[in-house]
Amino acid sequence: MKQREIRLEVTAQDHFIAALAALAVGLTVAESALPTPLPGVKPGLANIVVLLVMLRHGFAAAAWVMSIRVLAASLMLGTFLSPGFWLAVAGAAASMGVLLFSRFAPRRLFGPVSFSISMAFAHISGQLLLAKFWLFSSADIGMLLPPFALAALVFGMTNGLIVAGLIAQGAAPGAQSTHA
Amino acid sequence: MNSLEGLFKPGDWGVVLLAALFTAGLFFHAWTKPAGTSVVVRAQGRIMVRAELGRDAEYEVAGRLGVSRIEVRQGRVRVAADPGPKQICVRQGWLSRAGEAALCLANQVSLEVAGAGKAFDTVSY
């Protein structure tokens, strides 16, 4: 009997997305080891990768990187399907939603800093809404809002500046220099 | 490395400002007490007046030294006049937040704003 060969066509685009997703996963896993004053307050360094991909290669590629990051990082951290995983999904979905709308923002006026801050605020909004309506429906999360917003402001701006700096330096995502 | 300002586009400053204002607003909202709804005036330990802050009025309360005048105006309340020597409670001015209080110690008159929410941090006996 003739053996049928199943061959998956792997395009250069697939390799590219896989490489960047790996980078994003690495950043997520690395920062999960950072001590934080409040669970959930994190720099969100993977957003740097996602935003860079979005600006250079479009929304679809960024959405792939984000999805793979959330899924793969949760598998590596052992949080897959745990509440923390769903919080990550909610945050990721909200920030991708904001990025979807960012195409309407004139690029002449708004740069990576705007997008990054918007992403960060969308991220905490998605997470806190899920937390409010599903996980801790009885608890009052109002007191959590200010520190989370402050973290989103600071880290959102920092990450945005890093993206802007990388773009200004001509760093192409996919090249090794993205990590520099 | 280019200068930091060069990394901002014009609209970015607006976004940063907006986000900062939003964050500051959240802090302000979380830290300020809710507006009070009524005032309780005590003289020598006994409750003399219980009044809604919504209704403008003036009250005269007799304390140990003399008469303290309490004024309610536009949702706020103050000690308008007090015979005490230091005038601390008078200089406190207008109070409107739940839990705020003015004490005229010498005259043994006190004024406390109460809110709709929890009026006490803790209760024990």
# chains A, B, ... in the order shown; residues from 1 in each chain; ligands from 1
>>> interface_residues(of="chain B", to="chain A", cutoff="12 Å", atoms="only C-alpha atoms", output="MDAnalysis selection string")
chainID B and resid 1:32
>>> residues_around(residues="range 52-54 of chain B", least_positions_apart="2", cutoff="7 Å", atoms="only C-alpha atoms", output="PyMOL selection string")
chain B and resi 37-39+56+72+74-76
>>> write_last_selection(atoms="N, CA and C atoms", output="mmCIF file, in the first residue's frame")
data_model
loop_
_atom_site.group_PDB
_atom_site.id
_atom_site.type_symbol
_atom_site.label_atom_id
_atom_site.label_comp_id
_atom_site.auth_asym_id
_atom_site.auth_seq_id
_atom_site.Cartn_x
_atom_site.Cartn_y
_atom_site.Cartn_z
ATOM 1 N N THR B 37 -24.727 63.711 53.967
ATOM 2 C CA THR B 37 -26.129 64.038 53.692
ATOM 3 C C THR B 37 -26.781 64.771 54.858
ATOM 4 N N SER B 38 -26.223 64.580 56.049
ATOM 5 C CA SER B 38 -26.850 65.248 57.198
ATOM 6 C C SER B 38 -25.777 65.633 58.207
ATOM 7 N N VAL B 39 -26.171 66.430 59.184
ATOM 8 C CA VAL B 39 -25.222 66.866 60.205
ATOM 9 C C VAL B 39 -25.823 66.618 61.580
ATOM 10 N N ASP B 56 -31.010 74.692 53.638
ATOM 11 C CA ASP B 56 -30.263 75.794 54.236
ATOM 12 C C ASP B 56 -30.938 76.238 55.536
ATOM 13 N N VAL B 72 -25.980 75.913 57.888
ATOM 14 C CA VAL B 72 -26.053 74.941 56.796
ATOM 15 C C VAL B 72 -26.374 75.704 55.515
ATOM 16 N N GLN B 74 -26.095 75.218 51.125
ATOM 17 C CA GLN B 74 -25.745 74.529 49.879
ATOM 18 C C GLN B 74 -25.011 73.208 50.111
ATOM 19 N N GLY B 75 -25.571 72.387 50.969
ATOM 20 C CA GLY B 75 -24.998 71.060 51.170
ATOM 21 C C GLY B 75 -23.766 71.027 52.046
ATOM 22 N N ARG B 76 -23.392 72.211 52.617
ATOM 23 C CA ARG B 76 -22.224 72.233 53.491
ATOM 24 C C ARG B 76 -22.638 72.794 54.834
#
>>> atom_distance(atom1="CA of Ala24 in chain A", atom2="CA of Gly44 in chain A")
9.7 Å
>>> closest_residue(among="A:Thr28, A:Val10, A:Thr158, A:Ala46", to="Leu75 in chain A", atoms="only C-alpha atoms")
A:Thr28
>>> residues_around(residues="Gln13 in chain A", least_positions_apart="4", cutoff="9 Å", atoms="only C-alpha atoms", output="list in words")
Ile17, Ala18 and Ala61 of chain A
>>> residues_around(residues="range 57-62 of chain B", least_positions_apart="3", cutoff="8 Å", atoms="only C-alpha atoms", output="list of chain:residue names")
B:Ala43, B:Met48, B:Val49, B:Leu65, B:Gly66, B:Val67, B:Ser68, B:Arg69, B:Ile70, B:Glu71, B:Val72, B:Arg73, B:Val109
>>> closest_residue(among="B:Cys89, B:Ile47, B:Val40, B:Leu95", to="Asn107 in chain B", atoms="only C-alpha atoms")
B:Cys89
>>> atom_distance(atom1="CA of Ile68 in chain A", atom2="CA of Leu135 in chain A")
23.9 Å
>>> select_by_dssp(residues="chain A", states="helix (DSSP H, G or I)", output="JSON, numbers by chain")
{"A": [12, 13, 14, 15, 16, 17, 18, 19, 20, 21, 22, 23, 24, 25, 26, 27, 28, 29, 30, 31, 32, 46, 47, 48, 49, 50, 51, 52, 53, 54, 55, 56, 57, 59, 60, 61, 62, 63, 64, 65, 66, 67, 68, 69, 70, 71, 72, 73, 74, 75, 76, 77, 83, 84, 85, 86, 87, 88, 89, 90, 91, 92, 93, 94, 95, 96, 97, 98, 99, 100, 101, 102, 112, 113, 114, 115, 116, 117, 118, 119, 120, 121, 122, 123, 124, 125, 126, 127, 128, 129, 130, 131, 132, 133, 134, 135, 142, 143, 144, 145, 146, 147, 148, 149, 150, 151, 152, 153, 154, 155, 156, 157, 158, 159, 160, 161, 162, 163, 164, 165, 166, 167, 168, 176, 177, 178, 179]}
>>> write_last_selection(atoms="C-alpha atoms", output="CSV table (one decimal), in the first residue's frame")
chain,number,residue,atom,x,y,z
A,12,ALA,CA,7.9,32.2,5.8
A,13,GLN,CA,5.1,34.1,7.5
A,14,ASP,CA,4.5,31.1,9.7
A,15,HIS,CA,8.1,31.0,10.8
A,16,PHE,CA,8.1,34.7,11.4
A,17,ILE,CA,5.0,34.6,13.6
A,18,ALA,CA,6.3,31.5,15.5
A,19,ALA,CA,9.6,33.3,16.2
A,20,LEU,CA,7.9,36.4,17.5
A,21,ALA,CA,5.4,34.5,19.5
A,22,ALA,CA,8.3,32.6,21.1
A,23,LEU,CA,9.8,35.9,22.0
A,24,ALA,CA,6.6,37.1,23.5
A,25,VAL,CA,6.2,33.9,25.4
A,26,GLY,CA,9.7,34.2,26.7
A,27,LEU,CA,9.0,37.7,28.0
A,28,THR,CA,5.7,36.6,29.6
A,29,VAL,CA,7.3,33.7,31.4
A,30,ALA,CA,10.3,35.8,32.5
A,31,GLU,CA,8.2,38.6,33.9
A,32,SER,CA,5.9,36.1,35.7
A,46,ALA,CA,5.1,41.0,25.5
A,47,ASN,CA,2.9,43.9,24.4
A,48,ILE,CA,6.1,45.4,23.0
A,49,VAL,CA,6.4,42.5,20.6
A,50,VAL,CA,2.7,42.5,19.8
A,51,LEU,CA,2.6,46.2,19.1
A,52,LEU,CA,5.7,46.1,17.0
A,53,VAL,CA,4.3,43.3,14.9
A,54,MET,CA,1.0,45.2,14.5
A,55,LEU,CA,2.8,48.3,13.3
A,56,ARG,CA,5.0,46.5,10.9
A,57,HIS,CA,3.0,43.5,9.7
A,59,PHE,CA,-3.3,43.3,12.8
A,60,ALA,CA,-3.7,39.6,11.7
A,61,ALA,CA,0.0,38.8,12.5
A,62,ALA,CA,-0.3,40.6,15.8
A,63,ALA,CA,-3.4,38.7,16.7
A,64,TRP,CA,-1.6,35.5,16.0
A,65,VAL,CA,1.4,36.4,18.1
A,66,MET,CA,-0.9,37.5,21.0
A,67,SER,CA,-3.0,34.3,20.8
A,68,ILE,CA,-0.1,32.0,20.7
A,69,ARG,CA,1.6,34.0,23.5
A,70,VAL,CA,-1.4,33.6,25.9
A,71,LEU,CA,-1.9,29.9,25.1
A,72,ALA,CA,1.7,28.9,25.1
A,73,ALA,CA,2.7,30.9,28.2
A,74,SER,CA,-0.2,29.4,30.1
A,75,LEU,CA,0.9,25.9,29.2
A,76,MET,CA,4.5,26.7,30.3
A,77,LEU,CA,3.3,28.3,33.5
A,83,PRO,CA,-8.8,31.7,36.4
A,84,GLY,CA,-5.5,33.4,35.7
A,85,PHE,CA,-5.6,32.1,32.2
A,86,TRP,CA,-9.1,33.5,31.5
A,87,LEU,CA,-8.0,36.8,33.0
A,88,ALA,CA,-5.1,36.8,30.5
A,89,VAL,CA,-7.5,35.9,27.7
A,90,ALA,CA,-9.8,38.8,28.7
A,91,GLY,CA,-7.0,41.2,28.8
A,92,ALA,CA,-5.5,40.1,25.5
A,93,ALA,CA,-8.9,40.2,23.8
A,94,ALA,CA,-9.6,43.7,25.1
A,95,SER,CA,-6.2,45.0,24.0
A,96,MET,CA,-6.5,43.4,20.6
A,97,GLY,CA,-9.9,45.1,20.3
A,98,VAL,CA,-8.4,48.4,20.9
A,99,LEU,CA,-5.6,47.8,18.4
A,100,LEU,CA,-8.3,46.9,15.8
A,101,PHE,CA,-9.6,50.4,16.2
A,102,SER,CA,-6.2,52.0,16.3
A,112,PRO,CA,3.4,53.7,19.6
A,113,VAL,CA,3.0,55.5,22.9
A,114,SER,CA,-0.7,56.1,22.3
A,115,PHE,CA,-1.3,52.6,21.1
A,116,SER,CA,0.7,51.1,24.0
A,117,ILE,CA,-1.2,53.1,26.6
A,118,SER,CA,-4.5,52.3,25.0
A,119,MET,CA,-3.6,48.6,25.0
A,120,ALA,CA,-2.5,48.7,28.7
A,121,PHE,CA,-5.7,50.3,29.8
A,122,ALA,CA,-7.8,48.0,27.6
A,123,HIS,CA,-5.9,45.1,29.2
A,124,ILE,CA,-6.7,46.0,32.8
A,125,SER,CA,-10.3,46.9,31.8
A,126,GLY,CA,-10.9,43.5,30.3
A,127,GLN,CA,-9.3,41.8,33.2
A,128,LEU,CA,-11.1,43.8,35.9
A,129,LEU,CA,-14.4,43.4,34.1
A,130,LEU,CA,-14.0,39.6,34.0
A,131,ALA,CA,-12.9,39.6,37.6
A,132,LYS,CA,-15.8,41.7,38.6
A,133,PHE,CA,-18.5,39.8,36.8
A,134,TRP,CA,-17.2,36.3,37.0
A,135,LEU,CA,-14.5,35.6,39.5
A,142,GLY,CA,-13.2,49.5,43.2
A,143,MET,CA,-10.1,49.9,45.4
A,144,LEU,CA,-8.0,48.0,42.9
A,145,LEU,CA,-8.7,50.4,40.1
A,146,PRO,CA,-6.3,53.2,41.0
A,147,PRO,CA,-3.1,51.1,41.4
A,148,PHE,CA,-4.0,49.1,38.2
A,149,ALA,CA,-4.6,52.3,36.3
A,150,LEU,CA,-1.3,53.7,37.5
A,151,ALA,CA,0.5,50.6,36.4
A,152,ALA,CA,-1.1,50.7,33.0
A,153,LEU,CA,-0.1,54.4,32.6
A,154,VAL,CA,3.5,53.8,33.6
A,155,PHE,CA,4.1,50.5,31.9
A,156,GLY,CA,2.0,51.5,28.9
A,157,MET,CA,4.1,54.6,28.3
A,158,THR,CA,7.4,52.8,28.9
A,159,ASN,CA,6.5,50.0,26.5
A,160,GLY,CA,5.3,52.5,24.0
A,161,LEU,CA,8.6,54.4,24.2
A,162,ILE,CA,10.5,51.2,23.8
A,163,VAL,CA,8.5,50.4,20.6
A,164,ALA,CA,9.0,53.9,19.3
A,165,GLY,CA,12.7,53.6,20.0
A,166,LEU,CA,13.0,50.3,18.3
A,167,ILE,CA,11.2,51.6,15.2
A,168,ALA,CA,13.3,54.7,15.2
A,176,GLN,CA,17.4,39.3,16.3
A,177,SER,CA,17.8,42.9,17.2
A,178,THR,CA,14.2,43.1,18.4
A,179,HIS,CA,15.4,41.8,21.6
